[in-house]
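*Asks:* Have a look at the structure that comes next, please.
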Amino acid sequence: MRPLPRLHAVTDADVIAAPDFGVRAAAIAAAGPAVALHARDRTAGGAELARVAARLLALARPPEAAVFVNGRPDVAAAAGAQGVQLAAGDLSPADARLVLGPGWVGRSVHAVGEAETAVAEGADFLLVGSVYETATHPGRAAVGLGLVRAAATLGRPVIAIGGIDPARAREVRDAGAYGVAAIGALWRAADPAAATLALLAPWTEAS
């Protein structure tokens with residue numbers, strides 16, 4: 001199985017509907033295997049999500065970026081995606097793996113107990129957040145760096161999400177995060193390619 005990407009570019013319905021979605025996806029994917037593009041739209045049915053995943057795969061394949069599908073291991077398997085990202089109401093990691101087959105299975109967690117359960121259920125990595133307050137989830141309290149540190153002790157890669165910018169990417173790396181995920185900081189950036197490299201810098205500069 002290919003290495004887990006360090007940077008996860010998570011979409012939402014507004015990102016997907018933007019007229020320059022394909023251009024921005026290609027710019028983010030240009031960073032190559034360090035990047036995963038996430039097909040995520042909780043309002044979309046399976047067929048529409050599959051179309052989004054297929055489009056992302058076509059854009060990601062030349063630079064060898066990865067594509068993950070959120071919430072639908074069946075769509076991920078059908079599309080040939082490299083992984084699936086699960087929320088609390090989705091299948092367990094163990095059940096999702098039966099559907100997906102080979103590939104990365106991640107689980108979103110917001111507390112230490114959720115992280116421990118996800119690991120026990122077979123999650124390959126943990127998406128931890130929201131680490132900082134974010135406009136994507138207004139009113140949700142930030143979990144802070146403490147949860148990143150605690151999750152990082154459980155033996156699975158931690159991807160930090162929520163209010164991440166380049167400076168905060170360094171903070172979460174120093175707290176033990178394997179990588180970061182973002183929506184607005186990537187998809188709504190003036191220069192998505194430059195934003196991608198800036199968020200990856202704490203890991204690429206250390207390598």
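Naming works like this for the structure tokens: A, B, ... for the chains as they're shown, residue 1 at the start of each chain, ligands 1 onward in shown order.
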Would you please extract all helix (DSSP H, G or I) residues from region 78-197 of chain A, as assigned by DSSP on the backbone, and give them as JSON, numbers by chain?
*Replies:* {"A": [78, 79, 93, 94, 95, 96, 97, 98, 99, 100, 112, 113, 114, 115, 116, 117, 118, 119, 120, 144, 145, 146, 147, 148, 149, 150, 151, 152, 166, 167, 168, 169, 170, 171, 172, 173, 174, 184, 185, 186, 187, 192, 193, 194, 195, 196, 197]}
*Asks:* Which residues come within 10 Å of Asp174 (chain A), counting only C-alpha atoms, excluding same-chain residues fewer than 4 positions away, as a list in words?
*Replies:*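 Listing them by chain and then by number gives Leu145, Val148, Arg149, Arg168, Ala169, Arg170, Tyr178 and Pro202 of chain A.
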*Asks:* Any idea what's packed within 8 Å of region 3-16 of chain A, counting only C-alpha atoms, ignoring anything in its chain fewer than 5 positions away? Could you give it as number ranges by chain?
*Replies:* A: 21, 28, 33-43, 52, 66, 104, 159, 178-183, 186-187, 196, 199-200, 203
*Asks:* From a DSSP calculation on the backbone, collect every residue of region 25-206 of chain A in strand (DSSP E or B) and output the set as a PyMOL selection string.
*Replies:* chain A and resi 35-39+66-70+83-86+104-109+125-128+158-161+179-182
*Asks:* Quick one, how far is CA of Gly163 (chain A) from CA of Glu133 (chain A)?
*Replies:*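 Distance between the two atoms: 5.7 Å.
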*Asks:* Restricting the calculation to only C-alpha atoms: of A:Val128, A:Ala44, A:Val67, A:Ala58, which residue gets closest to His110 (chain A)?
*Replies:*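 Between A:Val128, A:Ala44, A:Val67, A:Ala58, the residue approaching His110 (chain A) most closely is A:Val128.
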*Asks:* With distances taken over only C-alpha atoms, which of A:Ile164, A:Ala115, A:Ala190, A:Ala30 is nearest to Tyr132 (chain A)?
*Replies:*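 Between A:Ile164, A:Ala115, A:Ala190, A:Ala30, the residue approaching Tyr132 (chain A) most closely is A:Ile164.
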